[in-house]
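So this one's model_22.cif, mmCIF, C-alpha atoms:
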data_final
loop_
_atom_site.label_atom_id
_atom_site.label_comp_id
_atom_site.auth_asym_id
_atom_site.auth_seq_id
_atom_site.Cartn_x
_atom_site.Cartn_y
_atom_site.Cartn_z
CA MET G 1 -97.55 33.63 16.91
CA SER G 2 -94.99 34.38 14.22
CA ILE G 3 -92.38 31.87 13.17
CA THR G 4 -88.92 33.29 13.67
CA ARG G 5 -85.47 32.38 12.47
CA HIS G 6 -82.22 33.22 14.24
CA LEU G 7 -79.16 34.56 12.46
CA ALA G 8 -75.84 34.12 14.25
CA PHE G 9 -73.43 36.06 12.03
CA ASN G 10 -71.87 37.94 14.93
CA SER G 11 -71.59 37.39 18.66
CA GLY G 12 -75.33 37.63 19.33
CA LEU G 13 -78.48 36.04 17.98
CA LYS G 14 -80.88 38.23 16.04
CA GLU G 15 -84.54 37.31 15.96
CA VAL G 16 -85.39 37.74 12.29
CA PHE G 17 -88.68 37.08 10.59
CA TYR G 18 -90.16 37.58 7.15
CA HIS G 19 -92.80 40.19 6.36
CA GLU G 20 -96.25 39.44 7.79
CA GLY G 21 -94.70 36.98 10.26
CA HIS G 22 -93.84 34.19 7.83
CA GLU G 23 -90.72 32.09 8.00
CA LEU G 24 -87.76 33.43 6.07
CA PRO G 25 -87.79 31.83 2.60
CA PRO G 26 -84.69 29.78 1.70
CA GLN G 27 -83.76 32.19 -1.09
CA ILE G 28 -83.73 35.15 1.33
CA LEU G 29 -81.62 33.23 3.85
CA GLN G 30 -79.26 32.22 1.07
CA ALA G 31 -78.98 35.80 -0.20
CA ILE G 32 -78.16 37.11 3.29
CA GLN G 33 -75.59 34.36 3.78
CA GLN G 34 -74.01 35.16 0.40
CA GLU G 35 -73.77 38.84 1.37
CA ARG G 36 -72.04 37.87 4.60
CA GLU G 37 -69.55 35.71 2.71
CA ARG G 38 -68.94 38.54 0.25
CA ILE G 39 -68.15 41.15 2.90
CA ALA G 40 -66.40 38.86 5.40
CA PRO G 41 -62.86 39.08 3.91
CA GLU G 42 -62.80 42.86 4.39
CA LEU G 43 -65.09 43.13 7.40
CA GLU G 44 -63.60 40.44 9.63
CA ALA G 45 -59.91 40.44 8.64
CA PRO G 46 -57.60 41.03 11.66
CA ASP G 47 -55.90 43.91 9.83
CA SER G 48 -59.12 45.35 8.38
CA VAL G 49 -58.63 49.03 7.59
CA GLN G 50 -62.36 49.55 7.98
CA TRP G 51 -62.31 48.21 11.51
CA LYS G 52 -59.15 50.11 12.48
CA GLN G 53 -60.69 53.46 11.60
CA ALA G 54 -64.10 52.78 13.16
CA TYR G 55 -63.12 53.80 16.69
CA THR G 56 -60.06 55.88 15.79
CA LEU G 57 -59.74 59.18 17.64
CA PRO G 58 -57.65 61.11 15.07
CA GLY G 59 -54.73 63.02 16.50
CA SER G 60 -53.18 64.02 13.17
CA LEU G 61 -54.11 64.74 9.58
CA ASP G 62 -52.97 61.27 8.49
CA GLU G 63 -55.20 59.62 11.11
CA LEU G 64 -58.09 61.83 10.02
CA ARG G 65 -57.60 60.87 6.36
CA ALA G 66 -57.54 57.20 7.36
CA LYS G 67 -61.20 57.59 8.32
CA ARG G 68 -62.01 57.92 4.63
CA SER G 69 -61.73 54.12 4.52
CA GLY G 70 -65.00 53.50 6.33
CA PHE G 71 -67.21 50.44 6.28
CA TYR G 72 -68.91 51.96 3.24
CA THR G 73 -65.81 51.10 1.14
CA ILE G 74 -66.32 47.34 1.58
CA THR G 75 -66.66 45.63 -1.82
CA GLY G 76 -66.19 48.95 -3.55
CA GLY G 77 -69.24 50.56 -1.93
CA THR G 78 -71.70 47.93 -3.20
CA SER G 79 -72.41 46.12 0.08
CA VAL G 80 -75.11 46.68 2.71
CA TYR G 81 -72.67 49.11 4.35
CA GLY G 82 -72.86 51.42 1.33
CA ASN G 83 -75.56 53.56 2.98
CA GLY G 84 -72.98 55.03 5.39
CA LEU G 85 -75.12 54.56 8.50
CA SER G 86 -72.69 52.26 10.31
CA ASP G 87 -69.85 54.74 9.81
CA TYR G 88 -72.09 57.58 11.02
CA ALA G 89 -72.90 55.71 14.23
CA HIS G 90 -69.25 54.94 14.99
CA SER G 91 -68.23 58.54 14.27
CA LEU G 92 -70.86 60.03 16.57
CA LEU G 93 -69.91 57.75 19.45
CA SER G 94 -66.17 58.31 18.87
CA GLY G 95 -66.60 62.09 18.71
CA TRP G 96 -68.56 62.17 21.97
CA TYR G 97 -66.09 59.89 23.72
CA GLY G 98 -63.04 61.79 22.46
CA SER G 99 -64.55 65.08 23.67
CA ARG G 100 -66.14 63.72 26.85
CA GLU G 101 -64.22 66.12 29.12
CA LEU G 102 -65.45 69.17 27.21
CA VAL G 103 -68.38 71.11 28.61
CA GLN G 104 -70.25 70.86 25.30
CA VAL G 105 -70.43 67.08 25.78
CA LYS G 106 -70.54 66.40 29.52
CA LEU G 107 -73.40 68.84 30.03
CA HIS G 108 -75.61 66.76 27.76
CA VAL G 109 -74.57 63.12 28.14
CA ASN G 110 -73.87 60.69 30.98
CA VAL G 111 -70.08 60.53 30.60
CA GLU G 112 -69.64 57.49 32.84
CA ARG G 113 -72.04 55.42 30.75
CA LEU G 114 -70.56 56.73 27.50
CA THR G 115 -67.03 55.79 28.61
CA HIS G 116 -68.05 52.31 29.71
CA LEU G 117 -69.95 51.57 26.49
CA PHE G 118 -67.29 52.94 24.14
CA GLU G 119 -64.40 51.11 25.79
CA SER G 120 -66.46 47.92 25.98
CA PHE G 121 -67.29 48.09 22.27
CA VAL G 122 -63.63 48.58 21.38
CA ARG G 123 -62.61 45.54 23.45
CA LYS G 124 -65.32 43.33 21.98
CA GLY G 125 -64.99 44.57 18.42
CA SER G 126 -68.68 45.52 18.34
CA ARG G 127 -70.19 46.92 15.16
CA LEU G 128 -72.81 49.67 15.38
CA THR G 129 -75.35 51.21 13.09
CA THR G 130 -78.06 53.83 13.38
CA SER G 131 -81.15 55.20 11.64
CA PHE G 132 -82.33 58.69 10.74
CA HIS G 133 -85.96 57.53 10.66
CA ARG G 134 -88.33 58.31 13.52
CA ILE G 135 -89.72 55.52 15.69
CA LYS G 136 -93.34 54.93 14.73
CA PRO G 137 -96.16 53.13 16.56
CA LEU G 138 -96.46 49.38 16.05
CA ALA G 139 -100.20 49.63 15.40
CA LYS G 140 -101.22 50.56 11.88
CA GLY G 141 -104.49 52.15 10.89
CA SER G 142 -105.56 52.64 14.50
CA ASP G 143 -106.96 55.92 15.82
CA GLU G 144 -105.27 55.25 19.14
CA VAL G 145 -101.53 55.96 18.97
CA PRO G 146 -99.78 54.01 21.73
CA PRO G 147 -96.99 55.73 23.64
CA VAL G 148 -93.56 54.92 22.25
CA ILE G 149 -91.69 55.50 25.51
CA THR G 150 -92.57 54.57 29.08
CA GLN G 151 -90.29 55.68 31.89
CA THR G 152 -89.56 52.95 34.43
CA GLU G 153 -87.41 52.71 37.56
CA GLU G 154 -84.91 50.60 35.61
CA GLY G 155 -84.81 52.88 32.54
CA ILE G 156 -87.09 52.98 29.49
CA ARG G 157 -89.65 50.64 27.98
CA LEU G 158 -89.73 51.14 24.23
CA ARG G 159 -92.58 50.15 21.97
CA GLY G 160 -92.60 50.94 18.26
CA GLN G 161 -90.93 50.21 14.95
CA GLN G 162 -88.15 51.90 13.03
CA ALA G 163 -86.72 51.62 9.51
CA PHE G 164 -83.03 50.69 9.26
CA GLY G 165 -80.59 49.76 6.55
CA ALA G 166 -79.83 46.09 5.86
CA ASP G 167 -76.48 46.47 7.67
CA VAL G 168 -78.52 45.80 10.83
CA LEU G 169 -78.30 42.10 9.93
CA PHE G 170 -74.53 42.24 10.51
CA ALA G 171 -74.44 44.64 13.46
CA ASP G 172 -74.11 44.08 17.20
CA GLU G 173 -75.52 47.35 18.56
CA LEU G 174 -78.04 50.00 17.53
CA LEU G 175 -77.43 53.68 18.30
CA VAL G 176 -81.07 54.75 18.56
CA LEU G 177 -82.39 58.31 18.55
CA ILE G 178 -85.58 58.00 20.59
CA ASN G 179 -88.65 60.11 20.02
CA HIS G 180 -92.11 60.11 21.57
CA ALA G 181 -94.95 59.49 19.12
CA GLU G 182 -95.83 63.19 18.99
CA ASP G 183 -92.22 64.49 18.81
CA ASN G 184 -90.68 65.90 15.65
CA GLU G 185 -87.19 65.80 17.15
CA PRO G 186 -85.51 63.01 19.15
CA SER G 187 -85.41 63.54 22.90
CA GLY G 188 -83.25 60.58 23.89
CA ILE G 189 -80.26 58.48 22.82
CA ALA G 190 -79.74 54.83 23.73
CA VAL G 191 -77.46 52.02 22.61
CA ILE G 192 -79.40 48.76 22.23
CA PRO G 193 -77.90 45.28 21.70
CA LEU G 194 -79.36 43.42 18.72
CA ASP G 195 -79.81 40.30 20.84
CA SER G 196 -82.11 42.11 23.32
CA ALA G 197 -85.30 40.38 24.37
CA GLY G 198 -88.21 42.14 22.70
CA LEU G 199 -86.25 43.24 19.64
CA GLU G 200 -87.15 41.76 16.25
CA VAL G 201 -85.85 42.41 12.75
CA GLN G 202 -88.42 42.25 9.98
CA VAL G 203 -87.06 41.36 6.53
CA TYR G 204 -88.77 42.01 3.19
CA PRO G 205 -88.35 40.48 -0.28
CA ASP G 206 -86.09 43.38 -1.30
CA TRP G 207 -84.19 43.08 1.99
CA GLN G 208 -81.09 44.93 0.74
CA ALA G 209 -83.14 48.13 0.49
CA GLY G 210 -83.75 48.09 4.25
CA VAL G 211 -85.40 46.28 7.13
CA THR G 212 -87.73 47.17 10.01
CA VAL G 213 -86.65 46.84 13.65
CA ARG G 214 -89.59 46.23 15.98
CA TYR G 215 -89.39 47.13 19.66
CA GLN G 216 -91.91 44.93 21.46
CA ASP G 217 -92.00 46.52 24.93
CA LEU G 218 -88.20 46.48 24.89
CA GLU G 219 -86.62 47.21 28.27
CA ILE G 220 -83.59 49.54 28.06
CA GLY G 221 -81.57 49.77 31.26
CA GLN G 222 -80.18 53.05 32.57
CA GLU G 223 -76.64 51.90 31.75
CA ARG G 224 -77.59 51.94 28.05
CA ILE G 225 -79.19 55.39 28.02
CA LEU G 226 -76.88 58.29 27.08
CA ALA G 227 -79.51 61.03 27.12
CA ASN G 228 -83.19 61.03 28.01
CA GLY G 229 -86.13 63.40 27.94
CA GLU G 230 -84.72 66.64 26.54
CA ALA G 231 -84.70 67.35 22.82
CA GLU G 232 -82.30 70.27 23.24
CA ARG G 233 -79.67 68.02 24.83
CA VAL G 234 -79.92 65.58 21.93
CA ARG G 235 -79.73 68.44 19.42
CA GLN G 236 -76.58 69.75 21.05
CA LEU G 237 -74.99 66.31 20.99
CA LEU G 238 -75.80 65.73 17.32
CA GLN G 239 -74.34 69.13 16.46
CA GLN G 240 -71.33 68.74 18.75
CA PRO G 241 -68.32 69.74 16.59
CA ALA G 242 -66.22 66.58 17.08
CA ALA G 243 -69.06 64.12 16.57
CA ALA G 244 -70.65 66.02 13.69
CA GLY G 245 -67.26 66.76 12.12
CA LEU G 246 -66.12 63.13 12.00
CA ALA G 247 -69.56 61.86 10.94
CA ASP G 248 -69.97 64.44 8.18
CA TYR G 249 -66.40 63.87 6.98
CA GLN G 250 -67.05 60.18 6.42
CA TRP G 251 -70.49 60.85 4.95
CA VAL G 252 -69.12 63.29 2.36
CA ALA G 253 -66.19 61.00 1.49
CA ARG G 254 -68.73 58.24 0.91
CA GLN G 255 -70.87 60.51 -1.27
CA LEU G 256 -67.80 61.27 -3.37
CA GLY G 257 -67.27 57.53 -3.83
CA VAL G 258 -70.91 57.08 -4.87
CA LEU G 259 -70.62 59.94 -7.37
CA GLU G 260 -67.41 58.45 -8.80
CA LEU G 261 -69.13 55.08 -9.29
CA ILE G 262 -72.07 56.69 -11.10
CA ALA G 263 -69.72 58.78 -13.23
CA GLY G 264 -67.60 55.79 -14.23
CA THR G 265 -70.71 53.84 -15.17
CA ALA G 266 -72.15 56.73 -17.21
CA PHE G 267 -68.87 57.28 -19.06
CA ALA G 268 -68.51 53.57 -19.86
CA LEU G 269 -72.11 53.28 -21.06
CA ALA G 270 -71.80 56.39 -23.24
CA GLU G 271 -68.72 54.93 -24.89
CA ASP G 272 -70.33 51.51 -25.41
CA THR G 273 -73.43 53.02 -27.01
CA GLY G 274 -71.58 55.68 -29.01
CA LEU G 275 -73.55 58.44 -27.29
CA ASN G 276 -70.35 60.06 -26.08
CA LYS G 277 -70.14 61.71 -29.53
CA GLU G 278 -73.44 63.55 -28.96
CA LEU G 279 -73.06 67.14 -27.76
CA HIS G 280 -75.99 67.01 -25.34
CA ILE G 281 -74.57 63.84 -23.71
CA GLN G 282 -71.13 65.43 -23.47
CA THR G 283 -72.78 68.34 -21.68
CA VAL G 284 -74.47 66.24 -18.98
CA LEU G 285 -71.31 64.15 -18.50
CA GLY G 286 -69.28 67.36 -18.22
CA GLU G 287 -71.59 68.55 -15.44
CA ILE G 288 -70.90 65.34 -13.53
CA VAL G 289 -67.16 66.07 -13.84
CA GLN G 290 -67.73 69.59 -12.51
CA HIS G 291 -69.63 68.22 -9.52
CA LEU G 292 -66.90 65.68 -8.81
CA GLU G 293 -64.30 68.44 -8.74
CA VAL G 294 -66.44 70.67 -6.51
CA LEU G 295 -67.03 67.87 -4.00
CA ASN G 296 -63.32 67.05 -4.04
CA ALA G 297 -62.51 70.72 -3.42
CA PHE G 298 -64.87 70.83 -0.42
CA ILE G 299 -63.15 67.80 1.15
CA ASN G 300 -59.63 69.04 0.37
CA THR G 301 -60.42 72.43 1.92
CA ALA G 302 -61.85 70.77 5.04
CA GLU G 303 -58.64 68.73 5.35
CA ALA G 304 -56.30 71.63 4.58
CA GLU G 305 -57.89 73.73 7.33
CA ALA G 306 -58.18 70.85 9.82
CA GLY G 307 -56.78 71.17 13.32
CA PRO G 308 -57.03 69.88 16.91
CA ASN G 309 -59.90 70.79 19.20
CA GLU G 310 -59.54 71.40 22.95
CA ALA G 311 -59.54 67.64 23.59
CA GLY G 312 -56.78 66.99 21.04
CA LEU G 313 -59.01 65.47 18.34
CA PHE G 314 -57.86 66.47 14.86
CA LEU G 315 -61.02 67.66 13.11
CA PRO G 316 -61.84 68.87 9.58
CA LEU G 317 -63.09 72.40 9.02
CA ALA G 318 -66.86 72.32 9.42
CA PRO G 319 -68.31 74.79 6.83
CA PRO G 320 -66.93 73.03 3.71
CA LEU G 321 -68.23 69.69 5.02
CA GLN G 322 -71.68 71.08 5.73
CA ALA G 323 -71.82 72.59 2.26
CA ALA G 324 -70.55 69.34 0.74
CA ARG G 325 -73.07 67.21 2.62
CA LYS G 326 -75.92 69.27 1.25
CA ALA G 327 -74.47 69.47 -2.27
CA GLY G 328 -73.54 65.77 -2.38
CA GLY G 329 -77.13 64.53 -2.35
CA VAL G 330 -78.08 66.98 -5.11
CA TYR G 331 -75.04 66.02 -7.21
CA ILE G 332 -75.80 62.31 -6.87
CA HIS G 333 -79.42 62.90 -7.87
CA HIS G 334 -78.27 64.88 -10.93
CA ALA G 335 -75.71 62.20 -11.90
CA LEU G 336 -78.35 59.47 -11.70
CA GLN G 337 -80.61 61.52 -13.95
CA ALA G 338 -77.73 61.81 -16.40
CA LEU G 339 -77.15 58.06 -16.25
CA GLU G 340 -80.84 57.47 -16.96
CA ARG G 341 -80.58 59.78 -19.96
CA VAL G 342 -77.54 57.97 -21.32
CA GLY G 343 -79.09 54.57 -20.63
CA GLN G 344 -82.63 55.12 -21.92
CA SER G 345 -82.31 52.38 -24.53
CA VAL G 346 -80.93 49.72 -22.18
CA LEU G 347 -83.28 50.62 -19.31
CA ASN G 348 -86.41 49.80 -21.28
CA PRO G 349 -87.95 46.99 -19.17
CA GLN G 350 -89.24 45.25 -22.30
CA SER G 351 -85.87 45.17 -24.00
CA PHE G 352 -83.35 45.15 -21.12
CA SER G 353 -81.25 42.04 -20.85
CA VAL G 354 -77.66 41.54 -19.88
CA HIS G 355 -77.55 38.99 -22.70
CA GLN G 356 -77.48 41.85 -25.21
CA ALA G 357 -73.95 42.60 -24.00
CA HIS G 358 -71.13 41.80 -26.41
CA ASP G 359 -68.62 40.80 -23.76
CA ARG G 360 -68.21 40.45 -19.99
CA GLU G 361 -67.07 44.03 -19.53
CA GLN G 362 -70.18 45.39 -21.24
CA GLU G 363 -72.33 42.95 -19.26
CA ALA G 364 -70.81 44.34 -16.05
CA VAL G 365 -71.64 47.88 -17.20
CA LEU G 366 -75.27 46.94 -17.94
CA ARG G 367 -75.63 45.28 -14.55
CA ARG G 368 -74.26 48.39 -12.83
CA VAL G 369 -76.70 50.60 -14.76
CA GLN G 370 -79.60 48.40 -13.74
CA ALA G 371 -78.47 48.40 -10.09
CA LEU G 372 -78.01 52.18 -9.99
CA VAL G 373 -81.15 53.41 -11.73
CA GLY G 374 -83.26 50.48 -12.89
CA SER G 375 -84.63 48.92 -9.70
CA GLY G 376 -86.76 49.63 -6.67
CA GLN G 377 -83.70 49.54 -4.46
CA ALA G 378 -82.07 52.16 -6.70
CA TYR G 379 -85.01 54.51 -6.15
CA ARG G 380 -84.78 54.14 -2.35
CA SER G 381 -81.03 54.71 -2.45
CA ARG G 382 -81.58 57.93 -4.38
CA GLN G 383 -84.08 59.14 -1.78
CA HIS G 384 -81.66 58.18 0.99
CA GLU G 385 -78.86 60.28 -0.49
CA ARG G 386 -81.03 63.35 -0.95
CA TYR G 387 -83.25 63.26 2.14
CA ALA G 388 -81.23 61.36 4.78
CA PHE G 389 -80.97 64.48 6.94
CA GLY G 390 -84.50 65.69 6.28
CA ASP G 391 -85.92 68.50 4.21
CA PRO G 392 -83.10 70.09 2.10
CA VAL G 393 -84.69 73.53 2.61
CA ARG G 394 -84.57 73.10 6.39
CA GLN G 395 -80.97 71.91 6.16
CA ALA G 396 -80.06 75.03 4.20
CA GLY G 397 -81.66 77.14 6.93
CA LEU G 398 -79.66 75.32 9.59
CA PHE G 399 -76.47 75.89 7.61
CA TYR G 400 -77.27 79.61 7.46
CA GLN G 401 -77.85 79.74 11.23
CA GLN G 402 -74.49 78.11 11.97
CA TYR G 403 -72.38 79.93 9.40
CA ASP G 404 -69.91 82.64 10.41
CA PHE G 405 -70.74 85.69 8.30
CA GLU G 406 -68.49 88.09 10.21
CA PRO G 407 -65.67 88.18 7.57
CA TYR G 408 -68.22 89.17 4.91
CA ARG G 409 -69.77 91.82 7.14
CA ALA G 410 -66.27 93.25 7.66
CA LEU G 411 -65.69 93.40 3.89
CA TYR G 412 -69.07 95.05 3.40
CA GLN G 413 -68.31 97.62 6.10
CA LYS G 414 -64.85 98.29 4.67
CA PHE G 415 -66.29 98.82 1.18
CA TRP G 416 -68.87 101.35 2.33
CA ASN G 417 -66.44 103.12 4.65
CA GLN G 418 -64.02 103.60 1.76
CA ASN G 419 -66.70 104.68 -0.69
CA GLY G 420 -68.29 106.97 1.88
CA SER G 421 -64.97 108.69 2.48
CA GLN G 422 -64.38 109.12 -1.26
CA SER G 423 -67.87 110.60 -1.71
CA LYS G 424 -67.25 113.17 1.01
CA GLU G 425 -63.87 114.13 -0.50
CA SER G 426 -65.33 114.56 -3.99
CA SER G 427 -68.14 116.75 -2.69
#

Encoded form using structure tokens:
Amino acid sequence: MSITRHLAFNSGLKEVFYHEGHELPPQILQAIQQERERIAPELEAPDSVQWKQAYTLPGSLDELRAKRSGFYTITGGTSVYGNGLSDYAHSLLSGWYGSRELVQVKLHVNVERLTHLFESFVRKGSRLTTSFHRIKPLAKGSDEVPPVITQTEEGIRLRGQQAFGADVLFADELLVLINHAEDNEPSGIAVIPLDSAGLEVQVYPDWQAGVTVRYQDLEIGQERILANGEAERVRQLLQQPAAAGLADYQWVARQLGVLELIAGTAFALAEDTGLNKELHIQTVLGEIVQHLEVLNAFINTAEAEAGPNEAGLFLPLAPPLQAARKAGGVYIHHALQALERVGQSVLNPQSFSVHQAHDREQEAVLRRVQALVGSGQAYRSRQHERYAFGDPVRQAGLFYQQYDFEPYRALYQKFWNQNGSQSKESS
């Protein structure tokens, strides 16, 4: 029987244990407590801009732009909320709720349950998060794969484990995309309280890089299930324009913030080391600037062409956001490679030390470099930015399927009609 430790940072108790069932070491508990104290002034303030935007249903361009200040902005994007998953969860739920009377939503979700949950979360001030990782079996190395989902009269019994970001430790609810063991796509959506019986959070030494949530025959009542049993319904909900628009808008704004942080660090390091005088370094830094401007242009275009949907939600234009979401992960990956190139001398594990800094400002730069590209957590963050939504090739294919090519077909047709007419006249 594993020794567990309860964390009571929010309204509920979370059953948290260390990897392999050991008690949480004092240094891990202390680190989690320090993170809570660091984010509390912004997260829990009565006038918190992050909280105000979380459940906002934008009715104007100003209200839409306010959603740029998501939870990911806490402590300048360096907290456990920096992965953007909490903002994504709130945006999905808000988009569904705001469009609940539209056919594209009410055909695929239980509107009564959705309304009750959303309005309850707003009243209680509940914080949500989600995961893009599939639920996997609890058993490891076994030929027998246990079923992940069992249908019951009361709802669903869930058994499995799922990777989450460390923001789970400060959340109240999980927005879970449920898949059977053999499924490639989720076929259900449920909202699960963190204090549920049968739910455990497994913490690792590098806890900030992520945790594992274990569902030990967790009972999920019908009132907590938004969709169940049909992958196509879940797909339609995840692609629903309001939910996807708000979620992608915040995701891309966050990616821009990440890219700006990497750029600022690379520029500062290049100046400190004198490498900013080298032509090849100027070239890679110039490419970062180009990518920053492109990502900014995508967001500005999405805002400039924003407008209300049938339910009155003011939404950004989708194609620029979809293009930006795909490009953002690539740009961040490229910028981190550039930072590694600039910081080769200081990233040498045998020689790296913040003590080699000449002053506090340079020490801060070296610490940022190490955090961004010189640690295991940095590697996982890079993978998260590039592969959060799955295979980039598959995402490009999905973008192609959803894109409106009609204006380009019309131009093509006009060109050949004109040239055909000219050819006939000349002959």

List the spatial neighbours of segment 216-223 of chain G as a list of chain:residue names - criterion: any atom at most 7 Å away, all atoms listed in the file, same-chain residues fewer than 3 positions off excluded.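 Neighbouring residues, sequence-local ones excluded: G:Arg113, G:Glu154, G:Gly155, G:Ile156, G:Arg157, G:Leu158, G:Arg159, G:Gly160, G:Ala197, G:Gly198, G:Leu199.
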
Item to complete: Just give me the gap between atom CA of Leu57 of chain G and atom CA of Gln322 of chain G in Å, one decimal is fine.
Response: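 Going from atom CA of Leu57 of chain G over to atom CA of Gln322 of chain G, I get 20.6 Å.
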
* Asked: Nearest to Val289 of chain G among G:Leu411, G:Ala45, G:Ile135, G:Ala338, with distances taken over only C-alpha atoms: which residue is it?
  ->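 Ranked by minimum distance to Val289 of chain G, first place goes to G:Ala338.
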
Using all atoms listed in the file, the residue out of G:Ser187, G:Gln236, G:Asn83, G:Gln383 with shortest distance to Val252 of chain G is G:Asn83

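Each of G:Glu310, G:Glu230, G:Asp62, G:Asp183 was checked against Val109 of chain G using all atoms listed in the file; the smallest atom-to-atom distance is that of G:Glu230.
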
Computed gap from atom CA of Phe314 of chain G to atom CA of His90 of chain G is 16.2 Å

* Asked: the PyMOL selection byres ((chain G and resi 185) around 10) on the file shown: which residues, as a ChimeraX atom specification?
  -> /G:134,177-180,182-184,186-188,230-232,234-235

Could you rebuild segment 280-294 of chain G with N, CA and C atoms and give me the result as a PDB file, in the frame of the given file?
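Now in out-v7.pdb:
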ATOM      1  N   HIS G 280     -75.165  66.893 -26.539  1.00  0.00           N
ATOM      2  CA  HIS G 280     -75.990  67.010 -25.340  1.00  0.00           C
ATOM      3  C   HIS G 280     -75.573  66.006 -24.266  1.00  0.00           C
ATOM      4  N   ILE G 281     -75.068  64.826 -24.681  1.00  0.00           N
ATOM      5  CA  ILE G 281     -74.570  63.840 -23.710  1.00  0.00           C
ATOM      6  C   ILE G 281     -73.240  64.304 -23.134  1.00  0.00           C
ATOM      7  N   GLN G 282     -72.395  64.889 -23.968  1.00  0.00           N
ATOM      8  CA  GLN G 282     -71.130  65.430 -23.470  1.00  0.00           C
ATOM      9  C   GLN G 282     -71.379  66.516 -22.422  1.00  0.00           C
ATOM     10  N   THR G 283     -72.455  67.270 -22.630  1.00  0.00           N
ATOM     11  CA  THR G 283     -72.780  68.340 -21.680  1.00  0.00           C
ATOM     12  C   THR G 283     -73.156  67.778 -20.311  1.00  0.00           C
ATOM     13  N   VAL G 284     -74.051  66.775 -20.282  1.00  0.00           N
ATOM     14  CA  VAL G 284     -74.470  66.240 -18.980  1.00  0.00           C
ATOM     15  C   VAL G 284     -73.322  65.487 -18.301  1.00  0.00           C
ATOM     16  N   LEU G 285     -72.470  64.824 -19.095  1.00  0.00           N
ATOM     17  CA  LEU G 285     -71.310  64.150 -18.500  1.00  0.00           C
ATOM     18  C   LEU G 285     -70.307  65.177 -17.974  1.00  0.00           C
ATOM     19  N   GLY G 286     -70.177  66.295 -18.687  1.00  0.00           N
ATOM     20  CA  GLY G 286     -69.280  67.360 -18.220  1.00  0.00           C
ATOM     21  C   GLY G 286     -69.744  67.951 -16.905  1.00  0.00           C
ATOM     22  N   GLU G 287     -71.065  68.043 -16.718  1.00  0.00           N
ATOM     23  CA  GLU G 287     -71.590  68.550 -15.440  1.00  0.00           C
ATOM     24  C   GLU G 287     -71.272  67.607 -14.296  1.00  0.00           C
ATOM     25  N   ILE G 288     -71.283  66.297 -14.564  1.00  0.00           N
ATOM     26  CA  ILE G 288     -70.900  65.340 -13.530  1.00  0.00           C
ATOM     27  C   ILE G 288     -69.447  65.569 -13.125  1.00  0.00           C
ATOM     28  N   VAL G 289     -68.581  65.799 -14.123  1.00  0.00           N
ATOM     29  CA  VAL G 289     -67.160  66.070 -13.840  1.00  0.00           C
ATOM     30  C   VAL G 289     -67.021  67.320 -12.973  1.00  0.00           C
ATOM     31  N   GLN G 290     -67.776  68.371 -13.311  1.00  0.00           N
ATOM     32  CA  GLN G 290     -67.730  69.590 -12.510  1.00  0.00           C
ATOM     33  C   GLN G 290     -68.123  69.313 -11.058  1.00  0.00           C
ATOM     34  N   HIS G 291     -69.165  68.538 -10.871  1.00  0.00           N
ATOM     35  CA  HIS G 291     -69.630  68.220  -9.520  1.00  0.00           C
ATOM     36  C   HIS G 291     -68.610  67.382  -8.760  1.00  0.00           C
ATOM     37  N   LEU G 292     -67.964  66.460  -9.449  1.00  0.00           N
ATOM     38  CA  LEU G 292     -66.900  65.680  -8.810  1.00  0.00           C
ATOM     39  C   LEU G 292     -65.789  66.583  -8.303  1.00  0.00           C
ATOM     40  N   GLU G 293     -65.390  67.545  -9.127  1.00  0.00           N
ATOM     41  CA  GLU G 293     -64.300  68.440  -8.740  1.00  0.00           C
ATOM     42  C   GLU G 293     -64.716  69.350  -7.583  1.00  0.00           C
ATOM     43  N   VAL G 294     -65.964  69.808  -7.597  1.00  0.00           N
ATOM     44  CA  VAL G 294     -66.440  70.670  -6.510  1.00  0.00           C
ATOM     45  C   VAL G 294     -66.454  69.889  -5.189  1.00  0.00           C
TER      46      VAL G 294
END
